[in-house]
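Structure first, then comments.
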Amino acid sequence: MSDNNIARIETFATEFVCMVKATAADGAYGWGQTAPYHADITAQIVHRQIAPHALGADAGAIEKLAERIPELEHKFPGSHLYRALGGLDTALWDLRGRRAGKPVCALLGGAPGKVRAYASSMKRDIDGKTEVARLAKLRGQFGFDAFKFRVASECGHDADEWPGRSEDIVARMHAEFGKSECALLVDANSGYSPTKAIAFGKFLEDHGVSHFEEPCPYWELEQTKQVTDALDIDVTGGEQDCELPTWRRMLEMHAVNVAQPDICYVGGLTRALRVAETAAAHGLPCTPHAANLSMVTIFTMHFLRAIKNPGKYLEFSIEGEDYYPWQRGLFLGEPFTVEDGCVSVGDAPGWGVEISPDWLRASRRQVSEL
């Protein structure tokens with residue numbers, strides 16, 4: 001067996017996070033991560049559906065594995081398979097970078113440097129006055145000049161979280177930031193019918209909002225396209241989509257103006273790069289979904305420093321450990337430092353991070369090996 005063949009795949013999982021370690025025969029290793037949430041279930045998929053096809057394979061054949069494993073598991077496709085595949089894929093990219101002594105973005109032809117971020121709120125149980133106050137505070141502390149906040153009720157069939165909330169928060173955000181050239185973005189999380197989304201989209205246009213995310217049920221591409229065709233602002237989406245044929249259809253029909261794959265949901269960096277390439281072929285930018293401060297944001301930082309059609313900014317969650325306690329203590333050191341509204345990709349090899357030994361000891365470890 002070659003020194004670069006995959007000899008061991010380990011998962012370290014909690015209910016919320018699953019880290020994946022891929023180790024080659026010579027002991028070289030890399031760290032990846034599956035998509036958060038139900039991560040302990042995804043860990044089982046790593047060992048049941050991913051590891052049997054990866055062990056013994058060339059660790060450098062990342063693109064081949066990303067294509068072949070879903071084919072071999074064609075009887076059991078879907079989100080959990082791609083979440084698990086993403087854990088292996090991102091671990092192998094880290095291993096490749098560590099071997100080469102280069103950050104992942106450089107392996108892709110990019111370079112370390114700054115990435116503009118937008119402050120992304122995850123809350124719906126917050127009124128407009130309180131939301132505006134906390135975003136204004138973050139602007140003063142970290143220099144953010146772009147903000148995303150939530151409207152509608154998630155998969156809400158035209159309902160609001162409470163009557164009038166969405167209109168109120170949009171008006172308050174416009175009043176606070178509209179004269180300061182800040183970008184305003186909203187996320188409806190599949191909340192509206194096309195008729196309601198178009199009407200609300202006109203309201204957004206009148207209030208300086210430039211990004212309308214997932215206005216209709218994301219699986220109904222024709223509904224989203226109706227909204228895209230009717231509005232002048234960017235209609236965006238795709239975070240949930242993990243099948244590449246769906247992505248091709250979405251982008252060919254211009255259902256959205258901006259592609260938003262999630263590197264962990266779509267099946268890893270390799271498959272996310274294919275989405276970006278397809279978007280570029282149709283003249284569309286790519287602004288990935290990265291809604292928490294786990295490794296998905298690190299993956300996305302490298303991605304945006306490398307692709308030819310990056311969107312305007314990186315999604316950067318503003319929710320800390322009080323909201324997402326499972327984010328606590330994942331890494332050695334602090335990988336997310338915001339200055340002047342930007343985060344930076346350094347020149348450390350691979351993803352440039354190490355997982356905290358304390359967190360690893362507290363998680364559930366499983367091993368597949370030759």
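To be explicit about the labels: the chains of the structure tokens are called A, B, and onward in the order shown, and within each one the residues are counted from 1, while ligands get numbers from 1 in the order they are shown.
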Checklist line | Who sits within 6 Å of region 59-67 of chain A, only C-alpha atoms, same chain under 6 positions skipped, as a PyMOL selection string | finding: chain A and resi 4-6
Practice prompt. Find the residues near region 300-311 of chain A: any atom within 9 Å, counting only C-alpha atoms, skip ones fewer than 4 places away on the same chain, and give them as a count of residues only.
Written response: 39
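CA of Asp187 (chain A) is positioned 24.0 Å from CA of Arg271 (chain A).
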Query raised in the report: Can you tell me, as a ChimeraX atom specification, what residues are no more than 10 Å from region 16-19 of chain A when counting only C-alpha atoms, ignoring any on the same chain fewer than 2 positions away?
Result: /A:10-14,21,31-43,46,84,87-88,91,294-295,324-327,330,355,360,363-365
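The protein and nucleic acid residues lying at most 7 Å from Leu370 (chain A) are A:Ala7, A:Arg8, A:Leu55, with only C-alpha atoms considered and sequence neighbours fewer than 3 positions away removed.
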Next, write the just-selected residues to a file, as a PDB file, in the first residue's frame, keeping C-alpha atoms as the atom set.
```
ATOM      1  CA  ALA A   7      -5.580   3.898   6.203  1.00  0.00           C
ATOM      2  CA  ARG A   8      -7.983   5.237   8.840  1.00  0.00           C
ATOM      3  CA  LEU A  55     -10.237   3.075   2.849  1.00  0.00           C
TER       4      LEU A  55
END
```
**Q.** Interatomic distance, CA of Asp347 (chain A) to CA of Lys102 (chain A) (Å, one decimal)
**A.**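 Value for the CA of Asp347 (chain A)-CA of Lys102 (chain A) distance: 6.8 Å.
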For this session: Considering only C-alpha atoms, return as an MDAnalysis selection string whatever protein or nucleic-acid residues lie within 8 Å of region 249-251 of chain A, sequence-local ones (same chain, fewer than 4 positions apart) excluded.
Result: chainID A and resid 221 245 255:256 259 278:279 282
With N, CA and C atoms retained, write the just-selected residues as a compact mmCIF listing (two decimals), in the first residue's frame.
```
# COMPACT_ATOMS: atom_id res chain seq x y z
N LEU A 221 -38.54 25.37 -7.55
CA LEU A 221 -37.68 26.28 -8.31
C LEU A 221 -38.49 27.24 -9.18
N PRO A 245 -27.53 17.69 -10.21
CA PRO A 245 -28.50 17.95 -11.28
C PRO A 245 -29.51 19.04 -10.92
N ALA A 255 -33.13 30.55 -11.82
CA ALA A 255 -34.11 30.65 -10.75
C ALA A 255 -33.67 31.63 -9.68
N VAL A 256 -32.35 31.81 -9.54
CA VAL A 256 -31.79 32.76 -8.58
C VAL A 256 -30.76 33.64 -9.29
N ALA A 259 -25.90 32.09 -6.40
CA ALA A 259 -25.88 30.71 -5.92
C ALA A 259 -25.33 30.67 -4.51
N THR A 278 -20.49 25.95 -12.40
CA THR A 278 -21.74 26.01 -13.15
C THR A 278 -22.35 27.40 -13.07
N ALA A 279 -22.32 28.00 -11.87
CA ALA A 279 -22.83 29.36 -11.72
C ALA A 279 -22.04 30.32 -12.60
N HIS A 282 -22.98 30.48 -16.15
CA HIS A 282 -24.24 31.18 -16.42
C HIS A 282 -24.19 32.64 -15.93
```
Checklist line | Distance of CA of Val353 (chain A) from CA of Gly140 (chain A), expressed in Å to one decimal place | finding: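 Straight-line distance from CA of Gly140 (chain A) to CA of Val353 (chain A) works out to 28.0 Å.
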- If you run DSSP on the backbone, which residues of region 110-207 of chain A are strand (DSSP E), as an MDAnalysis selection string? chainID A and resid 113:120 146:150 183:187
- Per DSSP on the backbone, what are the helix (DSSP H, G or I) residues of region 192-360 of chain A, as a PyMOL selection string? chain A and resi 194-206+221-230+244-252+263-266+269-281+295-304+325-327+357-360
Written selection (C-alpha atoms) as a PDB file, in the first residue's frame:
```
ATOM      1  CA  PRO A 194     -44.709  33.792  -5.109  1.00  0.00           C
ATOM      2  CA  THR A 195     -47.494  36.406  -4.921  1.00  0.00           C
ATOM      3  CA  LYS A 196     -46.620  37.415  -1.373  1.00  0.00           C
ATOM      4  CA  ALA A 197     -42.871  37.254  -2.049  1.00  0.00           C
ATOM      5  CA  ILE A 198     -43.159  39.586  -5.042  1.00  0.00           C
ATOM      6  CA  ALA A 199     -45.247  42.096  -3.091  1.00  0.00           C
ATOM      7  CA  PHE A 200     -42.872  41.970  -0.131  1.00  0.00           C
ATOM      8  CA  GLY A 201     -39.902  42.136  -2.518  1.00  0.00           C
ATOM      9  CA  LYS A 202     -41.186  45.460  -3.864  1.00  0.00           C
ATOM     10  CA  PHE A 203     -41.301  46.688  -0.274  1.00  0.00           C
ATOM     11  CA  LEU A 204     -37.699  45.540   0.162  1.00  0.00           C
ATOM     12  CA  GLU A 205     -36.636  47.399  -2.982  1.00  0.00           C
ATOM     13  CA  ASP A 206     -38.215  50.573  -1.631  1.00  0.00           C
ATOM     14  CA  LEU A 221     -37.683  26.284  -8.309  1.00  0.00           C
ATOM     15  CA  GLU A 222     -40.394  27.626 -10.602  1.00  0.00           C
ATOM     16  CA  GLN A 223     -41.877  29.611  -7.715  1.00  0.00           C
ATOM     17  CA  THR A 224     -38.509  31.166  -6.912  1.00  0.00           C
ATOM     18  CA  LYS A 225     -37.966  32.014 -10.566  1.00  0.00           C
ATOM     19  CA  GLN A 226     -41.258  33.913 -10.629  1.00  0.00           C
ATOM     20  CA  VAL A 227     -39.927  36.123  -7.859  1.00  0.00           C
ATOM     21  CA  THR A 228     -36.511  36.516  -9.488  1.00  0.00           C
ATOM     22  CA  ASP A 229     -38.088  37.587 -12.787  1.00  0.00           C
ATOM     23  CA  ALA A 230     -40.385  40.101 -11.083  1.00  0.00           C
ATOM     24  CA  LEU A 244     -25.777  18.509  -8.637  1.00  0.00           C
ATOM     25  CA  PRO A 245     -28.503  17.946 -11.280  1.00  0.00           C
ATOM     26  CA  THR A 246     -30.816  20.179  -9.216  1.00  0.00           C
ATOM     27  CA  TRP A 247     -28.093  22.786  -9.115  1.00  0.00           C
ATOM     28  CA  ARG A 248     -27.616  22.621 -12.880  1.00  0.00           C
ATOM     29  CA  ARG A 249     -31.335  23.054 -13.449  1.00  0.00           C
ATOM     30  CA  MET A 250     -31.578  25.918 -10.959  1.00  0.00           C
ATOM     31  CA  LEU A 251     -28.719  27.825 -12.570  1.00  0.00           C
ATOM     32  CA  GLU A 252     -29.652  27.077 -16.178  1.00  0.00           C
ATOM     33  CA  ILE A 263     -20.066  23.321   1.506  1.00  0.00           C
ATOM     34  CA  CYS A 264     -21.105  20.864   4.222  1.00  0.00           C
ATOM     35  CA  TYR A 265     -24.626  20.250   2.885  1.00  0.00           C
ATOM     36  CA  VAL A 266     -23.643  19.839  -0.761  1.00  0.00           C
ATOM     37  CA  LEU A 269     -15.442  21.459  -1.201  1.00  0.00           C
ATOM     38  CA  THR A 270     -15.107  19.466  -4.422  1.00  0.00           C
ATOM     39  CA  ARG A 271     -18.828  19.474  -5.129  1.00  0.00           C
ATOM     40  CA  ALA A 272     -19.191  23.110  -4.043  1.00  0.00           C
ATOM     41  CA  LEU A 273     -16.519  24.024  -6.589  1.00  0.00           C
ATOM     42  CA  ARG A 274     -18.607  22.336  -9.277  1.00  0.00           C
ATOM     43  CA  VAL A 275     -21.596  24.449  -8.270  1.00  0.00           C
ATOM     44  CA  ALA A 276     -19.452  27.582  -8.478  1.00  0.00           C
ATOM     45  CA  GLU A 277     -18.194  26.577 -11.928  1.00  0.00           C
ATOM     46  CA  THR A 278     -21.743  26.009 -13.155  1.00  0.00           C
ATOM     47  CA  ALA A 279     -22.827  29.362 -11.722  1.00  0.00           C
ATOM     48  CA  ALA A 280     -19.889  31.080 -13.442  1.00  0.00           C
ATOM     49  CA  ALA A 281     -20.859  29.491 -16.764  1.00  0.00           C
ATOM     50  CA  MET A 295     -15.466  24.610  10.221  1.00  0.00           C
ATOM     51  CA  VAL A 296     -18.031  25.438   7.530  1.00  0.00           C
ATOM     52  CA  THR A 297     -17.114  29.107   7.809  1.00  0.00           C
ATOM     53  CA  ILE A 298     -13.405  28.270   7.526  1.00  0.00           C
ATOM     54  CA  PHE A 299     -14.078  26.158   4.435  1.00  0.00           C
ATOM     55  CA  THR A 300     -16.055  29.028   2.933  1.00  0.00           C
ATOM     56  CA  MET A 301     -13.339  31.590   3.620  1.00  0.00           C
ATOM     57  CA  HIS A 302     -10.848  29.535   1.590  1.00  0.00           C
ATOM     58  CA  PHE A 303     -13.453  28.906  -1.113  1.00  0.00           C
ATOM     59  CA  LEU A 304     -14.139  32.609  -1.585  1.00  0.00           C
ATOM     60  CA  PRO A 325     -23.513  26.403  22.976  1.00  0.00           C
ATOM     61  CA  TRP A 326     -22.158  23.574  20.838  1.00  0.00           C
ATOM     62  CA  GLN A 327     -19.739  26.038  19.206  1.00  0.00           C
ATOM     63  CA  PRO A 357      -8.087  17.962  22.280  1.00  0.00           C
ATOM     64  CA  ASP A 358     -10.504  18.717  25.123  1.00  0.00           C
ATOM     65  CA  TRP A 359     -13.440  18.791  22.704  1.00  0.00           C
ATOM     66  CA  LEU A 360     -12.277  15.573  21.062  1.00  0.00           C
TER      67      LEU A 360
END
```
Considering only C-alpha atoms, tabulate each residue of region 89-155 of chain A that lies at most 9 Å from region 177-181 of chain A along with its nearest interatomic pair and the corresponding distance in Å to one decimal; arrange the rows by chain and ascending residue number and present them as a tab-separated table.
```
residue	atom	partner	partner_atom	distance
A:Ala136	CA	A:Phe177	CA	8.4
A:Asp145	CA	A:Glu181	CA	7.6
A:Ala146	CA	A:Glu181	CA	8.9
```
- prompt: Which residue gives the smallest distance to Ala291 (chain A) among A:His80, A:Arg116, A:Arg98, A:Lys148, with only C-alpha atoms counted?
  reply: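 Selected residue with least distance to Ala291 (chain A): A:Lys148.
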